[in-house]
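Have a look at model06.cif below; it lists mmCIF, C-alpha atoms.
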data_data
#
loop_
_atom_site.label_atom_id
_atom_site.label_comp_id
_atom_site.auth_asym_id
_atom_site.auth_seq_id
_atom_site.Cartn_x
_atom_site.Cartn_y
_atom_site.Cartn_z
CA MET A 1 -87.56 127.07 41.21
CA THR A 2 -87.23 126.27 44.90
CA ASP A 3 -85.10 123.11 45.98
CA ASN A 4 -86.83 120.42 48.04
CA PRO A 5 -85.18 120.12 51.50
CA LYS A 6 -86.00 116.37 51.75
CA ASN A 7 -84.32 115.64 48.52
CA ASN A 8 -81.20 117.50 49.59
CA THR A 9 -81.02 115.62 52.88
CA LYS A 10 -81.39 112.26 51.12
CA THR A 11 -78.62 113.09 48.67
CA THR A 12 -76.26 114.07 51.49
CA ILE A 13 -76.87 110.81 53.38
CA THR A 14 -76.25 108.75 50.27
CA HIS A 15 -73.00 110.55 49.64
CA HIS A 16 -71.70 109.87 53.17
CA ILE A 17 -72.59 106.16 52.97
CA GLY A 18 -70.63 105.80 49.71
CA ARG A 19 -67.56 107.35 51.26
CA PHE A 20 -67.79 105.01 54.25
CA VAL A 21 -68.03 101.93 52.03
CA ILE A 22 -65.03 103.03 50.00
CA ALA A 23 -63.06 103.58 53.20
CA LEU A 24 -63.92 100.07 54.45
CA VAL A 25 -62.84 98.55 51.12
CA LEU A 26 -59.53 100.41 51.22
CA ILE A 27 -58.90 99.30 54.82
CA ALA A 28 -59.57 95.69 53.84
CA ILE A 29 -57.24 95.91 50.86
CA PHE A 30 -54.39 97.49 52.87
CA GLY A 31 -54.87 94.96 55.66
CA THR A 32 -54.65 92.04 53.27
CA VAL A 33 -51.55 93.41 51.57
CA GLY A 34 -49.92 94.07 54.92
CA TYR A 35 -50.64 90.55 56.09
CA PHE A 36 -49.03 89.00 53.06
CA VAL A 37 -46.05 91.34 53.25
CA TYR A 38 -45.56 90.46 56.93
CA ASN A 39 -45.77 86.73 56.29
CA ARG A 40 -43.23 86.87 53.44
CA THR A 41 -40.89 88.97 55.56
CA GLN A 42 -41.05 86.45 58.40
CA LYS A 43 -40.46 83.54 56.04
CA GLY A 44 -37.45 85.33 54.48
CA GLN A 45 -35.96 85.96 57.91
CA ASN A 46 -36.43 82.32 58.95
CA SER A 47 -34.94 81.06 55.67
CA GLY A 48 -31.91 83.36 55.97
CA SER A 49 -31.32 82.18 59.52
CA GLU A 50 -31.39 78.54 58.42
CA GLN A 51 -29.01 79.28 55.50
CA LEU A 52 -26.62 81.11 57.83
CA ASN A 53 -26.61 78.16 60.19
CA LYS A 54 -25.78 75.84 57.26
CA GLU A 55 -22.99 78.10 55.98
CA ARG A 56 -21.23 77.90 59.35
CA TYR A 57 -20.17 74.20 58.69
CA VAL A 58 -17.19 73.46 56.35
CA PRO A 59 -17.80 70.39 54.14
CA VAL A 60 -14.91 67.89 54.34
CA VAL A 61 -13.99 64.37 53.23
CA THR A 62 -12.13 62.00 55.56
CA THR A 63 -10.01 58.86 55.16
CA PRO A 64 -9.23 56.31 57.89
CA VAL A 65 -5.65 55.93 59.10
CA ALA A 66 -4.24 52.60 57.84
CA ILE A 67 -1.31 50.29 58.51
CA ARG A 68 0.75 50.02 55.32
CA ASP A 69 4.11 48.81 54.08
CA PHE A 70 6.52 51.66 53.39
CA GLU A 71 9.76 51.54 51.43
CA ARG A 72 12.62 54.00 51.48
CA THR A 73 13.72 54.01 47.87
CA LEU A 74 16.15 55.69 45.52
CA ILE A 75 15.34 56.02 41.82
CA VAL A 76 18.23 56.18 39.35
CA GLN A 77 18.94 55.53 35.69
CA GLY A 78 21.13 52.59 34.74
CA ASN A 79 22.30 50.55 31.77
CA VAL A 80 21.97 46.96 30.63
CA GLU A 81 25.39 45.40 30.02
CA ALA A 82 26.53 42.00 28.78
CA LYS A 83 28.14 40.00 31.57
CA ASN A 84 30.43 38.25 29.10
CA PHE A 85 31.75 39.99 26.01
CA ALA A 86 34.90 39.94 23.90
CA MET A 87 36.68 42.49 21.75
CA VAL A 88 38.28 40.16 19.21
CA SER A 89 41.52 41.38 17.62
CA PRO A 90 44.22 39.68 15.51
CA ARG A 91 46.97 37.79 17.30
CA ILE A 92 49.54 38.87 14.74
CA SER A 93 49.87 41.93 12.54
CA GLY A 94 48.83 41.73 8.90
CA THR A 95 46.21 42.57 6.33
CA VAL A 96 42.69 41.37 7.13
CA GLU A 97 42.05 39.04 4.20
CA ALA A 98 38.51 37.90 5.03
CA ILE A 99 35.79 38.39 7.64
CA PHE A 100 33.41 35.46 7.99
CA VAL A 101 30.73 36.98 10.29
CA ASP A 102 28.45 40.00 10.26
CA GLU A 103 26.63 41.99 12.91
CA GLY A 104 23.82 40.00 14.50
CA ASP A 105 25.29 36.58 13.71
CA VAL A 106 25.16 33.97 16.46
CA VAL A 107 28.58 32.48 17.20
CA THR A 108 29.81 29.43 19.14
CA ALA A 109 32.95 29.54 21.25
CA ASN A 110 36.02 27.92 19.61
CA GLU A 111 33.97 26.86 16.58
CA THR A 112 32.80 29.89 14.59
CA ARG A 113 35.48 31.50 12.39
CA HIS A 114 35.59 35.28 12.66
CA PHE A 115 38.28 36.55 10.30
CA GLN A 116 41.65 35.74 8.74
CA THR A 117 44.77 37.84 8.31
CA ASP A 118 47.49 37.58 5.64
CA ALA A 119 49.07 34.10 5.86
CA ALA A 120 51.40 33.96 2.83
CA ASN A 121 54.61 34.86 4.70
CA LEU A 122 53.71 32.57 7.57
CA LYS A 123 53.23 29.63 5.22
CA GLU A 124 56.77 30.20 3.96
CA ASP A 125 58.02 30.36 7.53
CA VAL A 126 56.47 26.97 8.17
CA GLU A 127 58.19 25.46 5.12
CA ILE A 128 61.52 26.97 6.15
CA GLY A 129 61.02 25.58 9.63
CA ARG A 130 60.40 22.12 8.21
CA HIS A 131 63.61 22.28 6.16
CA LYS A 132 65.63 23.43 9.14
CA LEU A 133 64.25 20.57 11.19
CA THR A 134 65.22 18.09 8.47
CA VAL A 135 68.77 19.47 8.36
CA THR A 136 69.21 19.29 12.11
CA GLN A 137 67.87 15.75 12.15
CA CYS A 138 70.43 14.77 9.50
CA THR A 139 73.18 16.50 11.45
CA LYS A 140 72.15 14.63 14.55
CA ARG A 141 72.27 11.27 12.75
CA GLU A 142 75.70 12.13 11.38
CA ALA A 143 76.93 13.01 14.87
CA GLU A 144 75.54 9.79 16.26
CA ALA A 145 77.30 7.76 13.54
CA SER A 146 80.57 9.57 14.22
CA LEU A 147 80.21 8.81 17.91
CA GLU A 148 79.68 5.12 17.19
CA LYS A 149 82.81 5.02 14.95
CA THR A 150 84.88 6.80 17.59
CA ARG A 151 83.74 4.39 20.25
CA ALA A 152 84.66 1.44 18.02
CA ASP A 153 88.15 2.89 17.44
CA LEU A 154 88.47 3.55 21.16
CA HIS A 155 87.54 -0.02 21.95
CA LYS A 156 90.28 -1.35 19.57
CA ALA A 157 92.80 1.11 20.98
CA LYS A 158 91.96 -0.02 24.52
CA LEU A 159 92.60 -3.64 23.61
CA ASP A 160 95.96 -2.78 21.97
CA TYR A 161 96.90 -0.60 24.90
CA ASP A 162 96.20 -3.39 27.42
CA ARG A 163 98.07 -5.99 25.30
CA LEU A 164 101.16 -3.80 24.90
CA GLY A 165 101.09 -3.15 28.62
CA ARG A 166 101.36 -6.86 29.31
CA LEU A 167 104.11 -7.22 26.70
CA LEU A 168 105.99 -4.29 28.23
CA GLU A 169 105.97 -6.05 31.56
CA LYS A 170 107.61 -9.04 29.81
CA LYS A 171 109.95 -6.62 27.97
CA ALA A 172 108.62 -7.99 24.70
CA VAL A 173 108.09 -4.45 23.31
CA THR A 174 109.90 -1.22 23.69
CA THR A 175 108.69 1.60 25.87
CA ASP A 176 108.34 3.88 22.83
CA ILE A 177 105.89 1.56 21.12
CA PHE A 178 103.82 1.30 24.34
CA GLU A 179 103.76 5.09 24.75
CA GLN A 180 102.63 5.57 21.14
CA GLN A 181 99.73 3.22 21.73
CA GLU A 182 98.93 4.91 25.05
CA SER A 183 98.81 8.29 23.31
CA ARG A 184 96.48 6.96 20.61
CA TYR A 185 94.22 5.47 23.26
CA LEU A 186 93.97 8.77 25.17
CA GLN A 187 93.28 10.71 21.94
CA LEU A 188 90.41 8.39 21.08
CA ARG A 189 88.94 8.82 24.57
CA ALA A 190 88.94 12.59 24.01
CA ALA A 191 87.48 12.08 20.54
CA GLU A 192 84.67 10.06 22.08
CA LYS A 193 83.81 12.93 24.39
CA LEU A 194 83.86 15.36 21.46
CA ALA A 195 81.62 13.10 19.39
CA ALA A 196 79.21 12.75 22.30
CA ALA A 197 79.11 16.54 22.67
CA GLN A 198 78.39 16.90 18.95
CA VAL A 199 75.51 14.47 19.32
CA ASP A 200 74.13 16.53 22.20
CA LEU A 201 74.53 19.71 20.14
CA ALA A 202 72.74 18.15 17.19
CA ALA A 203 69.93 17.01 19.50
CA ALA A 204 69.60 20.54 20.92
CA GLN A 205 69.54 21.99 17.41
CA GLU A 206 66.83 19.50 16.51
CA ASP A 207 64.76 20.55 19.52
CA GLN A 208 65.28 24.20 18.57
CA ALA A 209 64.16 23.52 15.02
CA LYS A 210 61.09 21.67 16.29
CA ALA A 211 60.18 24.61 18.54
CA ALA A 212 60.67 27.09 15.70
CA LEU A 213 58.46 24.97 13.47
CA ALA A 214 55.79 24.76 16.17
CA ILE A 215 55.86 28.56 16.55
CA ALA A 216 55.58 29.01 12.79
CA LYS A 217 52.63 26.63 12.68
CA LYS A 218 51.03 28.44 15.63
CA ASP A 219 51.48 31.80 13.91
CA LEU A 220 49.95 30.36 10.76
CA ALA A 221 47.02 28.99 12.76
CA ASP A 222 46.63 32.38 14.47
CA THR A 223 45.84 34.01 11.16
CA THR A 224 42.37 32.47 11.47
CA ILE A 225 40.54 33.75 14.57
CA TYR A 226 37.69 31.79 16.17
CA ALA A 227 35.03 33.05 18.59
CA PRO A 228 36.44 33.10 22.14
CA VAL A 229 32.95 33.18 23.73
CA LYS A 230 29.40 32.34 22.68
CA GLY A 231 26.96 35.11 21.86
CA LYS A 232 26.12 37.48 19.02
CA VAL A 233 28.31 39.75 16.93
CA SER A 234 27.35 43.24 18.06
CA GLN A 235 29.96 45.26 16.14
CA ARG A 236 32.12 44.82 13.05
CA LEU A 237 34.97 47.30 13.34
CA ARG A 238 37.19 46.39 10.34
CA GLU A 239 36.69 45.44 6.72
CA PRO A 240 38.72 43.13 4.43
CA GLY A 241 41.85 44.85 3.11
CA GLU A 242 42.43 46.94 6.22
CA MET A 243 45.44 46.41 8.42
CA GLY A 244 44.96 44.47 11.62
CA SER A 245 47.21 44.18 14.65
CA PRO A 246 47.00 42.88 18.22
CA GLY A 247 44.92 45.15 20.43
CA GLN A 248 42.87 46.60 17.57
CA PRO A 249 39.48 44.79 17.58
CA VAL A 250 37.91 43.59 14.37
CA VAL A 251 34.60 42.41 15.87
CA ARG A 252 32.83 42.52 19.23
CA ILE A 253 30.84 39.62 20.68
CA ASP A 254 28.21 40.01 23.41
CA ASP A 255 26.64 37.11 25.29
CA THR A 256 23.03 38.27 25.45
CA SER A 257 21.91 35.28 27.52
CA LEU A 258 23.57 36.71 30.63
CA VAL A 259 23.29 40.44 31.29
CA GLU A 260 23.81 42.83 34.18
CA VAL A 261 21.87 45.97 35.05
CA ALA A 262 24.37 48.51 36.38
CA ALA A 263 23.96 51.93 37.97
CA PHE A 264 25.87 54.42 40.10
CA LEU A 265 24.58 55.60 43.49
CA PRO A 266 25.66 58.57 45.64
CA ALA A 267 28.26 57.71 48.26
CA GLN A 268 25.86 58.50 51.13
CA TYR A 269 23.93 55.28 50.40
CA TYR A 270 26.99 52.99 50.43
CA SER A 271 26.29 51.46 53.85
CA SER A 272 22.60 50.92 53.03
CA VAL A 273 23.32 48.60 50.10
CA ILE A 274 24.09 44.98 51.02
CA PRO A 275 25.03 42.64 48.13
CA ASN A 276 22.82 39.54 47.74
CA GLN A 277 20.27 41.13 50.08
CA THR A 278 19.24 44.61 48.93
CA ILE A 279 16.44 44.64 46.32
CA MET A 280 16.31 46.69 43.15
CA LYS A 281 13.20 47.03 40.97
CA ILE A 282 14.05 47.21 37.27
CA LYS A 283 12.07 48.49 34.31
CA VAL A 284 13.52 48.60 30.80
CA SER A 285 11.38 50.57 28.34
CA ASP A 286 7.90 49.09 28.85
CA ILE A 287 9.21 45.76 30.20
CA ASN A 288 8.90 45.34 33.95
CA LEU A 289 11.57 42.96 35.22
CA GLY A 290 10.21 43.03 38.78
CA GLN A 291 12.39 42.69 41.87
CA ASN A 292 15.98 41.53 41.58
CA ILE A 293 18.78 41.18 44.12
CA ILE A 294 21.83 43.41 43.91
CA THR A 295 24.64 40.95 43.18
CA TYR A 296 27.57 43.39 43.15
CA LYS A 297 28.63 46.53 44.99
CA SER A 298 31.84 48.30 44.13
CA PRO A 299 34.45 47.80 46.88
CA THR A 300 35.47 51.45 46.56
CA ILE A 301 33.85 54.86 46.14
CA ASP A 302 34.99 57.07 43.28
CA PRO A 303 36.78 59.96 45.06
CA ARG A 304 36.06 62.37 42.20
CA LEU A 305 32.36 61.73 41.57
CA ARG A 306 31.55 60.42 45.09
CA THR A 307 29.60 57.52 43.63
CA PHE A 308 29.79 53.74 43.68
CA GLU A 309 28.56 51.09 41.25
CA ILE A 310 25.93 48.42 41.81
CA LYS A 311 24.91 45.56 39.52
CA SER A 312 22.18 42.93 39.31
CA LEU A 313 22.73 39.76 37.30
CA LEU A 314 19.89 38.63 35.00
CA THR A 315 19.99 35.10 33.59
CA GLU A 316 18.07 34.48 30.35
CA PRO A 317 16.45 37.95 30.19
CA PRO A 318 13.15 38.25 28.27
CA GLU A 319 13.04 39.16 24.61
CA GLY A 320 13.63 42.85 24.12
CA ILE A 321 16.27 43.24 26.82
CA ALA A 322 19.53 43.98 25.04
CA PRO A 323 22.93 45.28 26.18
CA GLY A 324 23.03 49.04 25.89
CA SER A 325 19.38 49.57 26.89
CA MET A 326 18.56 52.19 29.51
CA ALA A 327 16.94 50.95 32.71
CA ARG A 328 14.86 52.71 35.35
CA ILE A 329 16.03 51.37 38.70
CA THR A 330 14.34 51.70 42.07
CA VAL A 331 16.69 50.66 44.87
CA VAL A 332 14.79 49.58 48.00
CA LEU A 333 17.01 50.83 50.82
CA GLU A 334 14.62 50.01 53.66
CA THR A 335 11.22 48.35 54.17
CA ARG A 336 9.01 48.74 57.24
CA GLN A 337 5.34 48.70 58.31
CA GLY A 338 3.53 51.50 60.11
CA LEU A 339 0.55 53.86 60.34
CA GLY A 340 -0.01 55.96 57.27
CA VAL A 341 -2.23 58.81 56.12
CA PRO A 342 -2.85 60.29 52.66
CA SER A 343 0.03 62.67 51.91
CA VAL A 344 -2.40 65.47 51.00
CA ALA A 345 -3.86 65.34 54.51
CA ILE A 346 -0.63 66.67 56.04
CA GLN A 347 -0.57 70.45 56.45
CA GLN A 348 2.15 72.85 57.56
CA ARG A 349 0.87 75.05 60.39
CA GLY A 350 3.17 77.16 62.51
CA GLY A 351 6.26 75.38 61.24
CA ARG A 352 4.87 71.97 62.21
CA SER A 353 3.38 69.07 60.29
CA VAL A 354 -0.24 68.52 61.33
CA VAL A 355 -3.35 66.61 60.30
CA PHE A 356 -6.97 67.33 61.19
CA ILE A 357 -9.39 64.82 62.64
CA VAL A 358 -13.14 65.20 63.29
CA LYS A 359 -14.73 64.91 66.74
CA ASP A 360 -18.30 65.99 67.48
CA LYS A 361 -18.58 67.72 64.09
CA THR A 362 -15.53 69.81 64.92
CA SER A 363 -12.00 69.70 63.43
CA HIS A 364 -9.08 69.08 65.76
CA GLN A 365 -5.42 69.59 64.94
CA VAL A 366 -2.94 66.74 65.63
CA THR A 367 0.83 67.28 65.34
CA VAL A 368 2.62 64.44 63.53
CA GLU A 369 6.11 63.51 62.40
CA PRO A 370 6.08 62.31 58.77
CA GLY A 371 8.27 59.41 57.69
CA ILE A 372 8.54 57.61 54.37
CA GLU A 373 6.24 58.75 51.56
CA MET A 374 5.09 56.09 49.10
CA ASP A 375 2.27 55.82 46.55
CA GLY A 376 0.49 58.93 47.84
CA TRP A 377 0.66 57.86 51.48
CA THR A 378 3.00 59.10 54.21
CA GLU A 379 4.20 57.14 57.20
CA ILE A 380 3.44 58.69 60.60
CA CYS A 381 6.37 58.10 62.94
CA GLU A 382 4.94 60.10 65.84
CA GLY A 383 1.46 61.46 66.54
CA GLU A 384 -1.70 60.63 68.46
CA LEU A 385 -3.32 58.61 65.69
CA THR A 386 -4.72 55.08 65.67
CA GLU A 387 -6.32 52.79 63.11
CA GLU A 388 -9.72 53.94 64.35
CA THR A 389 -8.90 57.57 63.51
CA SER A 390 -9.95 59.29 60.30
CA VAL A 391 -8.14 62.35 58.95
CA ILE A 392 -9.48 65.10 56.73
CA ASN A 393 -7.98 64.73 53.26
CA MET A 394 -10.32 67.10 51.37
CA GLY A 395 -11.13 70.54 52.74
CA GLN A 396 -8.25 70.42 55.25
CA SER A 397 -6.86 73.75 54.04
CA MET A 398 -10.14 75.48 55.05
CA VAL A 399 -10.23 74.39 58.67
CA GLU A 400 -8.49 75.34 61.89
CA GLU A 401 -8.63 73.99 65.42
CA GLY A 402 -12.30 73.94 66.42
CA THR A 403 -13.81 74.66 63.01
CA PRO A 404 -17.34 73.20 62.64
CA VAL A 405 -17.27 70.66 59.83
CA SER A 406 -19.71 68.53 57.93
CA VAL A 407 -18.36 65.15 56.77
CA GLN A 408 -19.67 64.67 53.27
CA GLN A 409 -17.93 61.34 52.57
CA GLU A 410 -15.43 58.96 54.11
CA MET A 411 -13.01 57.50 51.57
CA LYS A 412 -11.70 54.01 52.13
#
Since I need it in another form, could you write the structure as structure tokens?
Amino acid sequence: MTDNPKNNTKTTITHHIGRFVIALVLIAIFGTVGYFVYNRTQKGQNSGSEQLNKERYVPVVTTPVAIRDFERTLIVQGNVEAKNFAMVSPRISGTVEAIFVDEGDVVTANETRHFQTDAANLKEDVEIGRHKLTVTQCTKREAEASLEKTRADLHKAKLDYDRLGRLLEKKAVTTDIFEQQESRYLQLRAAEKLAAAQVDLAAAQEDQAKAALAIAKKDLADTTIYAPVKGKVSQRLREPGEMGSPGQPVVRIDDTSLVEVAAFLPAQYYSSVIPNQTIMKIKVSDINLGQNIITYKSPTIDPRLRTFEIKSLLTEPPEGIAPGSMARITVVLETRQGLGVPSVAIQQRGGRSVVFIVKDKTSHQVTVEPGIEMDGWTEICEGELTEETSVINMGQSMVEEGTPVSVQQEMK
């Protein structure tokens, strides 16, 4: 069978048209895909450029420079002590017979009995002293009576002596009789002096006996000891039946109404502490006693420890403040006012203390000289800072001179 040329030509044309259409479709598809790919590439490049620009700025937080009060302080540990206390011991040696107080008891000066030592022997001494006094008083009365008798005899002898003298002048008596009477008269004068001396001796013995009796009574009274000061019994150091002697305390009394807070400071601060002027802040446990004046400074420095003592007197301290408590003491050595910045804002760069400020979105380094640090702030003694200046206190470790910054927040 012979092929038809027309049909072959028609088939060929149709085939070429189909290929052309397919080619156009493919071109359209590739063009569309390319367009979208190009647009996304351009957007990605623009976005990356914007992100890079943002990443060039360091985020920081600033705080304004402020005028504040600064204190140069020294913190030490101290103790609460009773201003008035007494270690009460016996006045005489002997067995402690009874103790009338216990720890914690409130006592009144010269009224509250504390304890009593053995008094049996002393009672006997008092009785012996009384007897001796009675004997000396009797001896004195006897001497006085003897003196009166001697004086009476002397008076009679004087009269006889004068009468015989007149008779001798008239030669009415012999010289021997006159001389006998003269001798008797002189003997009685001497006897008068002796009797007077015996009276004086008896009087002295009486005074001695009275003094001995007074001492015996005093010793007997000293067996009972009364509180020498007011306060509370803080220690009981002996028990009944134990021996007691002067210098060995039986009880201790502390006057808790008047206490002192004491501490020791290094010698280098001696000239900075002025009694009745320098302030010390006191805290005992959880009780804040606030500011108190230093009332005492030791006149000398301990040459071994190189320290000196300070004290502050507290009248009628609050409940809970007892002698023996530990105190946290802050001694205010100096107070002054000046510009301050947050302590964290100060950096060490190149061996210098610096802070960073922000101008025109750029960090700038300012050299400063720190002073007193207090409550998280540091005094600036030297540096080109004013109250209108703000310093970087967060992010400061990430910046240098001229670093672009972005202030996220300014803290007040």
Residues in the PyMOL selection byres ((chain A and resi 98-103) around 10), expressed as a PyMOL selection string
chain A and resi 95-97+104-107+112-118+224-226+232-242+250-253
Would you list the contacts of Trp377 in chain A as an mmCIF file with C-alpha atoms, in the frame of the given file, taking every protein, DNA or RNA residue within 7 Å and counting all atoms listed in the file, but skipping same-chain residues closer than 3 positions in sequence?
data_model
loop_
_atom_site.group_PDB
_atom_site.id
_atom_site.type_symbol
_atom_site.label_atom_id
_atom_site.label_comp_id
_atom_site.auth_asym_id
_atom_site.auth_seq_id
_atom_site.Cartn_x
_atom_site.Cartn_y
_atom_site.Cartn_z
ATOM 1 C CA GLY A 340 -0.010 55.960 57.270
ATOM 2 C CA VAL A 341 -2.230 58.810 56.120
ATOM 3 C CA PRO A 342 -2.850 60.290 52.660
ATOM 4 C CA SER A 343 0.030 62.670 51.910
ATOM 5 C CA GLU A 373 6.240 58.750 51.560
ATOM 6 C CA MET A 374 5.090 56.090 49.100
#
For Arg184 in chain A, which of A:Lys158, A:Lys359, A:Lys218, A:Arg349 is the closest residue, counting all atoms listed in the file?
A:Lys158
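Counting all atoms listed in the file, Ala191 in chain A has the following residues at most 9 Å away, ignoring those fewer than 3 positions along the same chain: Leu147, Thr150, Arg151, Leu154, Leu186, Gln187, Leu188, Leu194, Ala195 and Ala196 of chain A.
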Taking the file as shown, find all residues satisfying the PyMOL selection byres ((chain A and resi 202-215) around 9) and write them as a PyMOL selection string.
chain A and resi 125-144+197-201+216-220
Would you kindly return, as a list in words, each protein, DNA or RNA residue with an atom no farther than 8 Å from any atom of Ser89 in chain A, considering all atoms listed in the file and excluding same-chain residues fewer than 6 positions away?
Gly244, Ser245, Pro246, Gly247, Gln248, Pro249, Val250 and Val251 of chain A
What residues come out when you apply the PyMOL selection byres ((chain A and resi 351-356) around 8) to this file, written as JSON, numbers by chain?
{"A": [345, 346, 347, 348, 349, 350, 357, 358, 363, 364, 365, 366, 367, 368, 369, 370, 391, 392, 396]}
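Of note, CA of Glu309 in chain A and CA of Pro266 in chain A are spaced 9.1 Å apart.
The closest residue to Val284 in chain A, picked from A:Thr335, A:Asn79, A:Thr223, A:Ser146 and counting only C-alpha atoms, is A:Asn79.
Coordinates place CA of Ser271 in chain A at a distance of 22.3 Å from CA of Asp69 in chain A.
For the atom pair formed by CA of Lys230 in chain A and CA of Gly290 in chain A, the distance is 27.2 Å, given to one decimal.
Excluding Gly324 in chain A and any residue on its chain fewer than 6 positions from it, the residues at most 10 Å away by only C-alpha atoms are Gly78, Asn79, Val80, Glu81, Ala82 and Val261 of chain A.
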Test item: residues at most 10 Å from Ile321 in chain A, only C-alpha atoms, excluding those fewer than 5 positions along its chain, as a short mmCIF file (atom, residue, chain, number, x, y, z; two decimals) with C-alpha atoms, keeping the file's coordinate frame:
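Result file out38.cif:
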data_model
loop_
_atom_site.label_atom_id
_atom_site.label_comp_id
_atom_site.auth_asym_id
_atom_site.auth_seq_id
_atom_site.Cartn_x
_atom_site.Cartn_y
_atom_site.Cartn_z
CA VAL A 80 21.97 46.96 30.63
CA GLU A 81 25.39 45.40 30.02
CA THR A 256 23.03 38.27 25.45
CA SER A 257 21.91 35.28 27.52
CA VAL A 259 23.29 40.44 31.29
CA VAL A 284 13.52 48.60 30.80
CA SER A 285 11.38 50.57 28.34
CA ILE A 287 9.21 45.76 30.20
CA LEU A 289 11.57 42.96 35.22
CA GLU A 316 18.07 34.48 30.35
CA MET A 326 18.56 52.19 29.51
CA ALA A 327 16.94 50.95 32.71
#
8 Å per side around range 382-400 of chain A: axis-aligned box centre and edge lengths, as lines of an AutoDock Vina configuration file:
center_x = -3.1
center_y = 64.1
center_z = 59.9
size_x = 32.1
size_y = 38.7
size_z = 33.1
Let me make sure I understand: among A:Asp286, A:Glu319, A:Glu179, A:Glu148, which one has the smallest atom-to-atom distance to Asp162 in chain A if we use all atoms listed in the file?
A:Glu179
